[in-house]
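Asker: The file below is entry16.csv, CSV, C-alpha atoms:
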```csv
chain,number,residue,atom,x,y,z
A,1,ARG,CA,20.9,10.2,25.9
A,2,ALA,CA,20.0,8.1,22.8
A,3,ALA,CA,20.9,11.0,20.5
A,4,GLU,CA,24.2,11.4,22.4
A,5,ALA,CA,24.9,7.7,22.1
A,6,ARG,CA,24.2,7.8,18.3
A,7,GLU,CA,26.5,10.8,17.9
A,8,ARG,CA,29.3,9.1,19.8
A,9,GLU,CA,28.9,5.9,17.8
A,10,GLU,CA,29.0,7.9,14.5
A,11,ARG,CA,32.1,9.8,15.8
A,12,GLU,CA,33.9,6.6,16.8
A,13,SER,CA,33.1,4.8,13.5
A,14,LYS,CA,34.0,7.7,11.2
A,15,VAL,CA,36.4,6.5,8.6
A,16,PRO,CA,39.5,8.8,8.1
A,17,ALA,CA,39.4,10.8,4.8
A,18,GLY,CA,41.2,9.1,1.9
A,19,THR,CA,41.2,5.7,3.6
A,20,LYS,CA,39.2,2.6,2.6
A,21,MET,CA,38.1,1.1,5.8
A,22,ALA,CA,34.9,-0.4,7.4
A,23,PRO,CA,33.3,1.8,10.1
A,24,GLY,CA,33.7,-1.1,12.5
A,25,ALA,CA,37.4,-1.2,11.8
A,26,SER,CA,37.7,2.6,12.4
A,27,LYS,CA,35.9,2.1,15.8
A,28,TRP,CA,38.2,-0.8,16.7
A,29,GLN,CA,41.3,1.3,15.8
A,30,ARG,CA,40.1,4.1,18.0
A,31,THR,CA,39.3,1.6,20.9
A,32,CYS,CA,42.9,0.2,20.8
A,33,ALA,CA,44.4,3.7,20.4
A,34,ALA,CA,42.5,4.9,23.4
A,35,VAL,CA,44.0,2.3,25.6
A,36,TYR,CA,47.5,3.1,24.3
A,37,GLU,CA,47.1,6.8,24.8
A,38,LYS,CA,45.6,6.3,28.3
A,39,HIS,CA,48.8,4.5,29.5
A,40,LYS,CA,51.0,6.9,27.6
A,41,ASP,CA,49.3,9.9,29.3
A,42,LEU,CA,49.6,8.2,32.7
A,43,ALA,CA,53.3,7.7,32.1
A,44,LYS,CA,53.9,11.2,30.7
A,45,VAL,CA,56.4,12.1,33.5
A,46,ILE,CA,58.5,9.0,32.6
A,47,PHE,CA,58.4,9.7,28.9
A,48,GLN,CA,59.8,13.2,29.7
A,49,ALA,CA,62.5,11.8,32.0
A,50,SER,CA,66.1,11.3,31.2
A,51,LYS,CA,67.1,8.5,28.8
A,52,LEU,CA,69.0,6.8,31.7
A,53,GLU,CA,65.9,6.7,33.8
A,54,ARG,CA,63.8,5.3,31.0
A,55,LEU,CA,66.5,2.7,30.1
A,56,LYS,CA,66.5,1.4,33.7
A,57,LEU,CA,62.8,0.6,33.3
A,58,GLU,CA,62.8,-0.9,29.8
A,59,LYS,CA,66.1,-2.8,29.9
A,60,PRO,CA,64.5,-5.9,31.5
A,61,LEU,CA,61.8,-5.8,28.8
A,62,LYS,CA,64.2,-5.4,25.9
A,63,LYS,CA,66.2,-8.4,27.3
A,64,ALA,CA,63.1,-10.5,27.7
A,65,VAL,CA,61.7,-9.8,24.2
A,66,ASN,CA,65.0,-10.5,22.6
A,67,GLN,CA,65.4,-13.7,24.6
A,68,LEU,CA,62.2,-15.3,23.3
A,69,SER,CA,62.6,-18.5,21.3
A,70,CYS,CA,60.4,-21.2,19.9
A,71,SER,CA,60.0,-23.4,23.0
A,72,ARG,CA,57.4,-23.4,25.7
A,73,GLN,CA,60.1,-23.6,28.3
A,74,GLN,CA,61.6,-20.3,27.1
A,75,ILE,CA,58.2,-18.7,26.7
A,76,ARG,CA,57.4,-19.5,30.3
A,77,PHE,CA,60.8,-18.2,31.4
A,78,VAL,CA,60.5,-14.9,29.5
A,79,GLY,CA,56.8,-14.5,30.4
A,80,GLY,CA,57.6,-15.0,34.1
A,81,ASN,CA,60.3,-12.3,33.9
A,82,VAL,CA,58.0,-9.8,32.1
A,83,THR,CA,55.0,-10.3,34.5
A,84,SER,CA,57.4,-10.0,37.5
A,85,HIS,CA,58.8,-6.7,36.2
A,86,LEU,CA,55.3,-5.3,35.4
A,87,SER,CA,54.0,-6.4,38.9
A,88,ASN,CA,57.0,-4.7,40.6
A,89,GLN,CA,56.5,-1.5,38.7
A,90,HIS,CA,52.8,-1.5,39.3
A,91,GLN,CA,53.4,-1.7,43.1
A,92,GLN,CA,55.8,1.3,42.9
A,93,GLY,CA,53.4,3.5,40.9
A,94,GLN,CA,50.9,3.6,38.0
A,95,HIS,CA,53.1,5.8,35.9
A,96,LEU,CA,56.0,3.3,36.0
A,97,TYR,CA,53.7,0.4,35.1
A,98,SER,CA,52.0,2.3,32.3
A,99,TYR,CA,55.4,3.3,30.8
A,100,CYS,CA,56.5,-0.4,30.8
A,101,LEU,CA,53.3,-1.6,29.3
A,102,VAL,CA,53.5,0.9,26.4
A,103,ARG,CA,57.2,0.1,25.8
A,104,LEU,CA,56.5,-3.6,25.9
A,105,GLY,CA,53.8,-3.3,23.3
A,106,ASP,CA,56.1,-1.2,21.1
A,107,LEU,CA,59.0,-3.6,21.5
A,108,ILE,CA,57.0,-6.7,20.6
A,109,ALA,CA,55.5,-4.8,17.6
A,110,ALA,CA,59.0,-3.9,16.5
A,111,GLN,CA,59.8,-7.6,16.1
A,112,ALA,CA,57.0,-8.0,13.6
A,113,PRO,CA,58.7,-7.0,10.3
A,114,GLY,CA,60.8,-10.1,10.4
A,115,LEU,CA,58.1,-12.5,11.4
A,116,GLY,CA,56.7,-13.1,7.9
A,117,ALA,CA,59.7,-15.5,7.3
A,118,ALA,CA,59.6,-16.8,10.9
A,119,LYS,CA,56.0,-17.7,11.5
A,120,GLN,CA,56.8,-20.0,14.4
A,121,LEU,CA,58.2,-17.0,16.3
A,122,ALA,CA,54.9,-15.2,15.5
A,123,PHE,CA,53.1,-17.9,17.4
A,124,ALA,CA,55.7,-17.8,20.2
A,125,TYR,CA,55.1,-14.0,20.6
A,126,ALA,CA,51.4,-14.6,20.6
A,127,GLU,CA,51.8,-17.1,23.5
A,128,LEU,CA,53.9,-14.6,25.4
A,129,VAL,CA,51.3,-11.8,24.9
A,130,ALA,CA,48.5,-14.2,26.0
A,131,MET,CA,50.5,-15.3,29.1
A,132,VAL,CA,51.1,-11.7,30.2
A,133,SER,CA,47.5,-10.6,29.5
A,134,ASP,CA,46.2,-13.6,31.4
A,135,ALA,CA,48.3,-12.6,34.4
A,136,GLY,CA,46.2,-9.5,34.9
A,137,PHE,CA,47.8,-7.2,32.3
A,138,GLU,CA,45.1,-7.5,29.6
A,139,ASP,CA,45.7,-4.0,28.3
A,140,LEU,CA,49.0,-5.2,26.8
A,141,THR,CA,47.0,-6.9,23.9
A,142,PHE,CA,45.3,-3.6,23.0
A,143,VAL,CA,48.5,-1.6,23.4
A,144,LEU,CA,50.2,-4.0,21.0
A,145,PHE,CA,47.3,-3.8,18.5
A,146,ALA,CA,47.5,0.0,18.6
A,147,SER,CA,51.2,-0.1,17.9
A,148,LEU,CA,50.7,-2.5,15.0
A,149,HIS,CA,47.9,-0.3,13.6
A,150,ARG,CA,50.3,2.7,13.6
A,151,SER,CA,53.0,0.7,11.8
A,152,CYS,CA,50.8,-1.0,9.3
A,153,PRO,CA,47.3,0.3,8.4
A,154,LEU,CA,46.4,-3.1,6.9
A,155,ALA,CA,46.5,-4.5,10.4
A,156,VAL,CA,43.3,-2.4,11.2
A,157,PRO,CA,42.4,-3.3,8.4
A,158,GLY,CA,42.5,-0.1,6.3
A,159,LEU,CA,44.0,1.1,3.1
A,160,PRO,CA,45.1,4.7,2.9
A,161,LYS,CA,45.3,6.3,-0.5
A,162,SER,CA,48.6,5.7,-2.3
A,163,TYR,CA,49.8,3.3,0.5
A,164,GLU,CA,53.2,1.8,-0.4
A,165,GLY,CA,54.1,-0.3,2.6
A,166,ASP,CA,57.1,-2.6,2.3
A,167,LEU,CA,55.8,-6.1,1.2
A,168,THR,CA,58.0,-8.0,3.6
A,169,GLU,CA,57.1,-5.9,6.6
A,170,ILE,CA,53.3,-6.1,5.8
A,171,LYS,CA,53.6,-9.9,5.8
A,172,GLY,CA,55.4,-9.7,9.2
A,173,TYR,CA,52.9,-7.3,10.8
A,174,ILE,CA,49.9,-9.3,9.7
A,175,SER,CA,51.5,-12.6,10.8
A,176,LEU,CA,51.9,-11.3,14.3
A,177,LEU,CA,48.4,-9.8,14.3
A,178,ALA,CA,46.9,-13.1,13.2
A,179,ALA,CA,48.8,-15.1,15.7
A,180,VAL,CA,47.7,-13.0,18.6
A,181,CYS,CA,44.0,-12.9,17.4
A,182,GLN,CA,43.7,-16.6,16.8
A,183,ARG,CA,45.4,-17.3,20.2
A,184,GLN,CA,43.2,-15.0,22.3
A,185,ASN,CA,39.8,-14.6,20.5
A,186,PRO,CA,38.8,-16.1,17.1
A,187,ASP,CA,36.0,-13.6,17.0
A,188,TRP,CA,38.6,-10.9,16.4
A,189,CYS,CA,39.8,-13.0,13.4
A,190,TRP,CA,36.2,-13.1,12.1
A,191,SER,CA,35.8,-9.4,12.4
A,192,TYR,CA,39.1,-8.7,10.7
A,193,GLN,CA,38.4,-10.9,7.7
A,194,ALA,CA,34.9,-9.5,7.3
A,195,ARG,CA,36.0,-5.9,7.4
A,196,PHE,CA,38.9,-6.8,5.1
A,197,LEU,CA,36.8,-8.6,2.4
A,198,ASN,CA,33.9,-6.2,2.5
A,199,HIS,CA,35.8,-2.9,2.3
A,200,LEU,CA,39.3,-3.4,0.8
A,201,PRO,CA,40.1,-3.8,-2.9
A,202,ALA,CA,42.2,-6.7,-4.3
A,203,THR,CA,45.7,-5.3,-4.8
A,204,GLU,CA,49.2,-6.7,-4.4
A,205,ARG,CA,49.5,-5.5,-0.8
A,206,THR,CA,46.0,-6.4,0.3
A,207,ALA,CA,46.5,-9.9,-1.2
A,208,LEU,CA,49.7,-10.3,0.6
A,209,ALA,CA,48.1,-9.3,3.9
A,210,LEU,CA,45.1,-11.6,3.4
A,211,ASP,CA,47.3,-14.5,2.5
A,212,ALA,CA,49.5,-13.9,5.6
A,213,PHE,CA,46.4,-13.7,7.8
A,214,LEU,CA,44.7,-16.8,6.5
A,215,GLN,CA,47.9,-18.9,6.6
A,216,ILE,CA,48.0,-18.3,10.4
A,217,ALA,CA,44.4,-17.7,11.5
A,218,GLY,CA,42.5,-19.7,8.8
A,219,HIS,CA,42.5,-22.9,10.8
A,220,ALA,CA,41.2,-21.3,14.0
A,221,LEU,CA,38.5,-19.6,12.0
A,222,HIS,CA,37.4,-22.8,10.4
A,223,THR,CA,37.5,-24.7,13.7
A,224,LYS,CA,35.1,-22.3,15.3
A,225,PHE,CA,32.8,-21.2,12.4
A,226,ARG,CA,32.8,-24.2,10.1
A,227,ARG,CA,30.1,-23.7,7.5
A,228,GLN,CA,30.2,-19.9,7.8
A,229,GLN,CA,33.9,-19.9,7.3
A,230,ASP,CA,33.5,-22.3,4.3
A,231,LYS,CA,31.3,-19.6,2.7
A,232,VAL,CA,34.0,-17.0,3.4
A,233,PHE,CA,36.7,-19.1,1.8
A,234,ALA,CA,34.4,-19.5,-1.2
A,235,CYS,CA,34.1,-15.7,-1.3
A,236,VAL,CA,37.8,-15.3,-1.2
A,237,ARG,CA,38.3,-17.8,-4.0
A,238,GLN,CA,35.5,-16.6,-6.3
A,239,GLY,CA,35.5,-12.9,-5.4
A,240,PHE,CA,38.8,-11.6,-4.1
A,241,VAL,CA,41.1,-13.9,-6.1
A,242,ARG,CA,39.2,-13.2,-9.3
A,243,SER,CA,39.5,-9.5,-8.8
A,244,LEU,CA,43.2,-9.9,-8.0
A,245,GLY,CA,43.7,-11.4,-11.4
A,246,GLN,CA,42.9,-7.9,-12.8
A,247,ALA,CA,45.1,-6.1,-10.3
A,248,LYS,CA,48.3,-4.4,-11.4
A,249,GLY,CA,51.6,-5.2,-9.7
A,250,SER,CA,54.8,-7.3,-10.0
A,251,GLU,CA,55.1,-11.0,-10.6
A,252,ASP,CA,54.5,-11.4,-6.9
A,253,VAL,CA,50.8,-10.9,-7.6
A,254,ASP,CA,50.7,-14.2,-9.4
A,255,ALA,CA,52.6,-15.9,-6.6
A,256,VAL,CA,50.3,-14.7,-3.8
A,257,LYS,CA,47.3,-15.4,-6.0
A,258,SER,CA,48.5,-19.0,-6.4
A,259,ARG,CA,49.1,-19.4,-2.7
A,260,ILE,CA,45.6,-18.3,-1.8
A,261,GLU,CA,44.0,-20.5,-4.4
A,262,LYS,CA,46.0,-23.5,-3.1
A,263,TYR,CA,45.1,-22.7,0.5
A,264,VAL,CA,41.4,-22.8,-0.3
A,265,ASP,CA,41.3,-25.5,-3.0
A,266,MET,CA,43.4,-28.0,-1.1
A,267,ARG,CA,41.6,-27.1,2.2
A,268,VAL,CA,45.0,-26.4,3.9
A,269,PHE,CA,43.0,-24.7,6.6
A,270,ALA,CA,41.6,-28.0,7.8
A,271,SER,CA,44.9,-28.7,9.6
A,272,ALA,CA,46.8,-26.5,12.1
A,273,PRO,CA,49.6,-24.5,10.6
A,274,LYS,CA,52.8,-26.5,10.8
A,275,ASP,CA,54.6,-23.5,12.4
A,276,SER,CA,52.0,-23.3,15.2
A,277,HIS,CA,53.5,-26.3,17.0
A,278,ILE,CA,55.8,-25.1,19.7
A,279,PRO,CA,57.9,-27.8,21.4
A,280,GLU,CA,58.5,-28.0,25.1
A,281,THR,CA,62.2,-27.5,24.6
A,282,ASP,CA,64.3,-26.3,21.7
A,283,GLU,CA,68.1,-26.8,21.6
A,284,SER,CA,68.4,-24.7,18.4
A,285,THR,CA,68.7,-21.3,19.9
A,286,HIS,CA,69.5,-19.6,16.6
A,287,ILE,CA,65.8,-19.3,15.7
A,288,ARG,CA,65.3,-15.9,17.3
A,289,CYS,CA,64.5,-12.3,16.3
```
Would you mind writing the structure in this file as structure tokens?
Answerer:
Amino acid sequence: RAAEAREREERESKVPAGTKMAPGASKWQRTCAAVYEKHKDLAKVIFQASKLERLKLEKPLKKAVNQLSCSRQQIRFVGGNVTSHLSNQHQQGQHLYSYCLVRLGDLIAAQAPGLGAAKQLAFAYAELVAMVSDAGFEDLTFVLFASLHRSCPLAVPGLPKSYEGDLTEIKGYISLLAAVCQRQNPDWCWSYQARFLNHLPATERTALALDAFLQIAGHALHTKFRRQQDKVFACVRQGFVRSLGQAKGSEDVDAVKSRIEKYVDMRVFASAPKDSHIPETDESTHIRC
């Protein structure tokens, strides 16, 4: 049994060929993907059904995701509608519920590319995911992670050979990932940054991802880990940033390098991100995806 356990561990931690990634990150990716595929398999009959049948199930979810805005009142309203819909489908059949769970994760992930420039919405979606997960639908978080991993390998984190992801989209995907991690489990933030810094090189895209992650999750990391996190920030400043100075890229490399340096040197992480504050009500309904 011990030998079988070791073989299983090695299999789950095996890094894909041509990809720079920590074994732990590879295992985490497979863990999230297994939850996603489990629900997709349970909903196979619905995925093979007519477009009209599928639309009936996912229309309330699309409406809810698009209705989300940066107010706690609206988050509770949208979250209530989502949990009610998931509960109703679960009562009618596992296949219906699993289909809705997969589609909800994909729909939220699809909002991510625009969230790099709308960080408050990233925090709002993180609150929605936490609300739905806490209502008994905890698989949603892992389904969402799996969807983010497929769309942006740096969300694992991993760096496939010759990866040329869109810079704006990378920033958005990582912003959503960081918001969800810091809201639900800071330990996920710690694992992400450790795997990132220990296994990924300093490039324009990895720098952009690290900057986006720290801008949102850095405060939560420092609040929980304090001195340990101070050492990580020192590593970022003295190791990653120094290596980044030798990286090839556009003038954006200098800009992101400067942001990371400022974030660490001025101890910006000591205060909560300004966009993390979500008011009770918000009359400006234009700030939506």
Asker: Report as a ChimeraX atom specification all protein, DNA and RNA residues lying within 7 Å of range 203-220 of chain A, evaluated on all atoms listed in the file, omitting residues in the same chain fewer than 3 positions from it.
Answerer: /A:167,170-171,174-175,178-179,182,186,189,223-224,244,247,249,253,256,260,269-273
Asker: Given the choices A:His199, A:Lys56, A:His39, A:Arg72, which gets closest to Met21 in chain A if the distance is worked out from all atoms listed in the file?
Answerer: A:His199
Asker: Would you list the contacts of Ala64 in chain A as a list in words, taking every protein, DNA or RNA residue within 7 Å and counting all atoms listed in the file, but skipping same-chain residues closer than 4 positions in sequence?
Answerer: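 Surrounding residues, per the criterion: Pro60, Leu68, Val78 and Val82 of chain A.
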Asker: Residues as selected, C-alpha atoms, written as a tab-separated table (two decimals), in the frame of the given file, can you do that?
Answerer:
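New file part36.tsv:
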```tsv
chain	number	residue	atom	x	y	z
A	60	PRO	CA	64.50	-5.90	31.50
A	68	LEU	CA	62.20	-15.30	23.30
A	78	VAL	CA	60.50	-14.90	29.50
A	82	VAL	CA	58.00	-9.80	32.10
```
Asker: Please report the interatomic distance between CA of Ile278 in chain A and CA of Leu121 in chain A in Å with one decimal.
Answerer: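 Calculated distance between CA of Ile278 in chain A and CA of Leu121 in chain A is 9.1 Å.
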Asker: Tell me, as a list of chain:residue names, which residues lie within 10 Å of Leu42 in chain A, counting only C-alpha atoms; anything in the same chain fewer than 4 positions away does not count.
Answerer: A:Glu37, A:Lys38, A:Ile46, A:Phe47, A:Gln94, A:His95, A:Leu96, A:Tyr97, A:Ser98, A:Tyr99
Asker: Generate a file of the selected residues that holds C-alpha atoms, formatted as a PDB file, in the coordinates of the input.
Answerer:
```pdb
ATOM      1  CA  GLU A  37      47.100   6.800  24.800  1.00  0.00           C
ATOM      2  CA  LYS A  38      45.600   6.300  28.300  1.00  0.00           C
ATOM      3  CA  ILE A  46      58.500   9.000  32.600  1.00  0.00           C
ATOM      4  CA  PHE A  47      58.400   9.700  28.900  1.00  0.00           C
ATOM      5  CA  GLN A  94      50.900   3.600  38.000  1.00  0.00           C
ATOM      6  CA  HIS A  95      53.100   5.800  35.900  1.00  0.00           C
ATOM      7  CA  LEU A  96      56.000   3.300  36.000  1.00  0.00           C
ATOM      8  CA  TYR A  97      53.700   0.400  35.100  1.00  0.00           C
ATOM      9  CA  SER A  98      52.000   2.300  32.300  1.00  0.00           C
ATOM     10  CA  TYR A  99      55.400   3.300  30.800  1.00  0.00           C
TER      11      TYR A  99
END
```
Asker: Give me the residues within 8 Å of range 129-144 of chain A as an MDAnalysis selection string, counting all atoms listed in the file and dropping any in the same chain fewer than 4 places off.
Answerer: chainID A and resid 32:33 35:36 79 82:83 101:102 104:106 108:109 125 148 180 183:184
Asker: Give me the residues within 7 Å of Lys20 in chain A as a CSV table (one decimal) with C-alpha atoms, in the frame of the given file, counting all atoms listed in the file and dropping any in the same chain fewer than 6 places off.
Answerer:
```
chain,number,residue,atom,x,y,z
A,158,GLY,CA,42.5,-0.1,6.3
A,159,LEU,CA,44.0,1.1,3.1
A,160,PRO,CA,45.1,4.7,2.9
A,199,HIS,CA,35.8,-2.9,2.3
A,200,LEU,CA,39.3,-3.4,0.8
```
Asker: Separation of CA of Glu169 in chain A and CA of Thr31 in chain A, in Å?
Answerer: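 CA of Thr31 in chain A lies at a distance of 24.0 Å from CA of Glu169 in chain A.
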Asker: For each of A:Tyr173, A:Ala117, A:Cys152, A:Val232, take the minimum atom-to-atom distance to Trp190 in chain A, counting all atoms listed in the file, then give the residue where this is smallest.
Answerer: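 Between A:Tyr173, A:Ala117, A:Cys152, A:Val232, the residue approaching Trp190 in chain A most closely is A:Val232.
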Asker: So the first atom is CA of Arg195 in chain A and the second is CA of Phe145 in chain A; what is the distance between them in Å, to one decimal place?
Answerer: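 The value is 16.0 Å.
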Asker: Can you fill out range 77-93 of chain A with N, CA, C and O atoms and hand it back as a PDB file, in the frame of the given file?
Answerer:
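Once everything was written out, this is rebuild-v7.pdb:
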```
ATOM      1  N   PHE A  77      59.665 -18.878  30.752  1.00  0.00           N
ATOM      2  CA  PHE A  77      60.800 -18.200  31.400  1.00  0.00           C
ATOM      3  C   PHE A  77      60.671 -16.667  31.152  1.00  0.00           C
ATOM      4  O   PHE A  77      60.705 -15.830  32.065  1.00  0.00           O
ATOM      5  N   VAL A  78      60.550 -16.331  29.862  1.00  0.00           N
ATOM      6  CA  VAL A  78      60.500 -14.900  29.500  1.00  0.00           C
ATOM      7  C   VAL A  78      59.187 -14.285  30.015  1.00  0.00           C
ATOM      8  O   VAL A  78      59.211 -13.171  30.549  1.00  0.00           O
ATOM      9  N   GLY A  79      58.076 -15.003  29.905  1.00  0.00           N
ATOM     10  CA  GLY A  79      56.800 -14.500  30.400  1.00  0.00           C
ATOM     11  C   GLY A  79      56.837 -14.239  31.905  1.00  0.00           C
ATOM     12  O   GLY A  79      56.287 -13.246  32.400  1.00  0.00           O
ATOM     13  N   GLY A  80      57.498 -15.130  32.629  1.00  0.00           N
ATOM     14  CA  GLY A  80      57.600 -15.000  34.100  1.00  0.00           C
ATOM     15  C   GLY A  80      58.416 -13.710  34.420  1.00  0.00           C
ATOM     16  O   GLY A  80      58.053 -12.961  35.341  1.00  0.00           O
ATOM     17  N   ASN A  81      59.499 -13.468  33.679  1.00  0.00           N
ATOM     18  CA  ASN A  81      60.300 -12.300  33.900  1.00  0.00           C
ATOM     19  C   ASN A  81      59.531 -10.994  33.606  1.00  0.00           C
ATOM     20  O   ASN A  81      59.617 -10.001  34.337  1.00  0.00           O
ATOM     21  N   VAL A  82      58.760 -11.032  32.520  1.00  0.00           N
ATOM     22  CA  VAL A  82      58.000  -9.800  32.100  1.00  0.00           C
ATOM     23  C   VAL A  82      56.889  -9.548  33.144  1.00  0.00           C
ATOM     24  O   VAL A  82      56.734  -8.398  33.572  1.00  0.00           O
ATOM     25  N   THR A  83      56.128 -10.558  33.540  1.00  0.00           N
ATOM     26  CA  THR A  83      55.000 -10.300  34.500  1.00  0.00           C
ATOM     27  C   THR A  83      55.583  -9.887  35.861  1.00  0.00           C
ATOM     28  O   THR A  83      54.984  -9.049  36.530  1.00  0.00           O
ATOM     29  N   SER A  84      56.736 -10.424  36.233  1.00  0.00           N
ATOM     30  CA  SER A  84      57.400 -10.000  37.500  1.00  0.00           C
ATOM     31  C   SER A  84      57.756  -8.547  37.461  1.00  0.00           C
ATOM     32  O   SER A  84      57.522  -7.796  38.417  1.00  0.00           O
ATOM     33  N   HIS A  85      58.337  -8.134  36.341  1.00  0.00           N
ATOM     34  CA  HIS A  85      58.800  -6.700  36.200  1.00  0.00           C
ATOM     35  C   HIS A  85      57.556  -5.807  36.187  1.00  0.00           C
ATOM     36  O   HIS A  85      57.574  -4.757  36.855  1.00  0.00           O
ATOM     37  N   LEU A  86      56.501  -6.182  35.462  1.00  0.00           N
ATOM     38  CA  LEU A  86      55.300  -5.300  35.400  1.00  0.00           C
ATOM     39  C   LEU A  86      54.650  -5.257  36.796  1.00  0.00           C
ATOM     40  O   LEU A  86      54.192  -4.183  37.199  1.00  0.00           O
ATOM     41  N   SER A  87      54.619  -6.357  37.511  1.00  0.00           N
ATOM     42  CA  SER A  87      54.000  -6.400  38.900  1.00  0.00           C
ATOM     43  C   SER A  87      54.813  -5.453  39.800  1.00  0.00           C
ATOM     44  O   SER A  87      54.223  -4.685  40.570  1.00  0.00           O
ATOM     45  N   ASN A  88      56.126  -5.538  39.724  1.00  0.00           N
ATOM     46  CA  ASN A  88      57.000  -4.700  40.600  1.00  0.00           C
ATOM     47  C   ASN A  88      56.753  -3.218  40.293  1.00  0.00           C
ATOM     48  O   ASN A  88      56.657  -2.391  41.218  1.00  0.00           O
ATOM     49  N   GLN A  89      56.684  -2.870  39.018  1.00  0.00           N
ATOM     50  CA  GLN A  89      56.500  -1.500  38.700  1.00  0.00           C
ATOM     51  C   GLN A  89      55.097  -0.980  39.056  1.00  0.00           C
ATOM     52  O   GLN A  89      54.922   0.176  39.463  1.00  0.00           O
ATOM     53  N   HIS A  90      54.117  -1.858  38.947  1.00  0.00           N
ATOM     54  CA  HIS A  90      52.800  -1.500  39.300  1.00  0.00           C
ATOM     55  C   HIS A  90      52.666  -1.174  40.804  1.00  0.00           C
ATOM     56  O   HIS A  90      51.960  -0.250  41.230  1.00  0.00           O
ATOM     57  N   GLN A  91      53.401  -1.940  41.603  1.00  0.00           N
ATOM     58  CA  GLN A  91      53.400  -1.700  43.100  1.00  0.00           C
ATOM     59  C   GLN A  91      54.084  -0.384  43.402  1.00  0.00           C
ATOM     60  O   GLN A  91      53.723   0.268  44.380  1.00  0.00           O
ATOM     61  N   GLN A  92      55.037   0.030  42.579  1.00  0.00           N
ATOM     62  CA  GLN A  92      55.800   1.300  42.900  1.00  0.00           C
ATOM     63  C   GLN A  92      55.073   2.505  42.327  1.00  0.00           C
ATOM     64  O   GLN A  92      55.360   3.615  42.774  1.00  0.00           O
ATOM     65  N   GLY A  93      54.159   2.312  41.374  1.00  0.00           N
ATOM     66  CA  GLY A  93      53.400   3.500  40.900  1.00  0.00           C
ATOM     67  C   GLY A  93      52.820   3.223  39.496  1.00  0.00           C
ATOM     68  O   GLY A  93      53.435   2.573  38.649  1.00  0.00           O
TER      69      GLY A  93
END
```
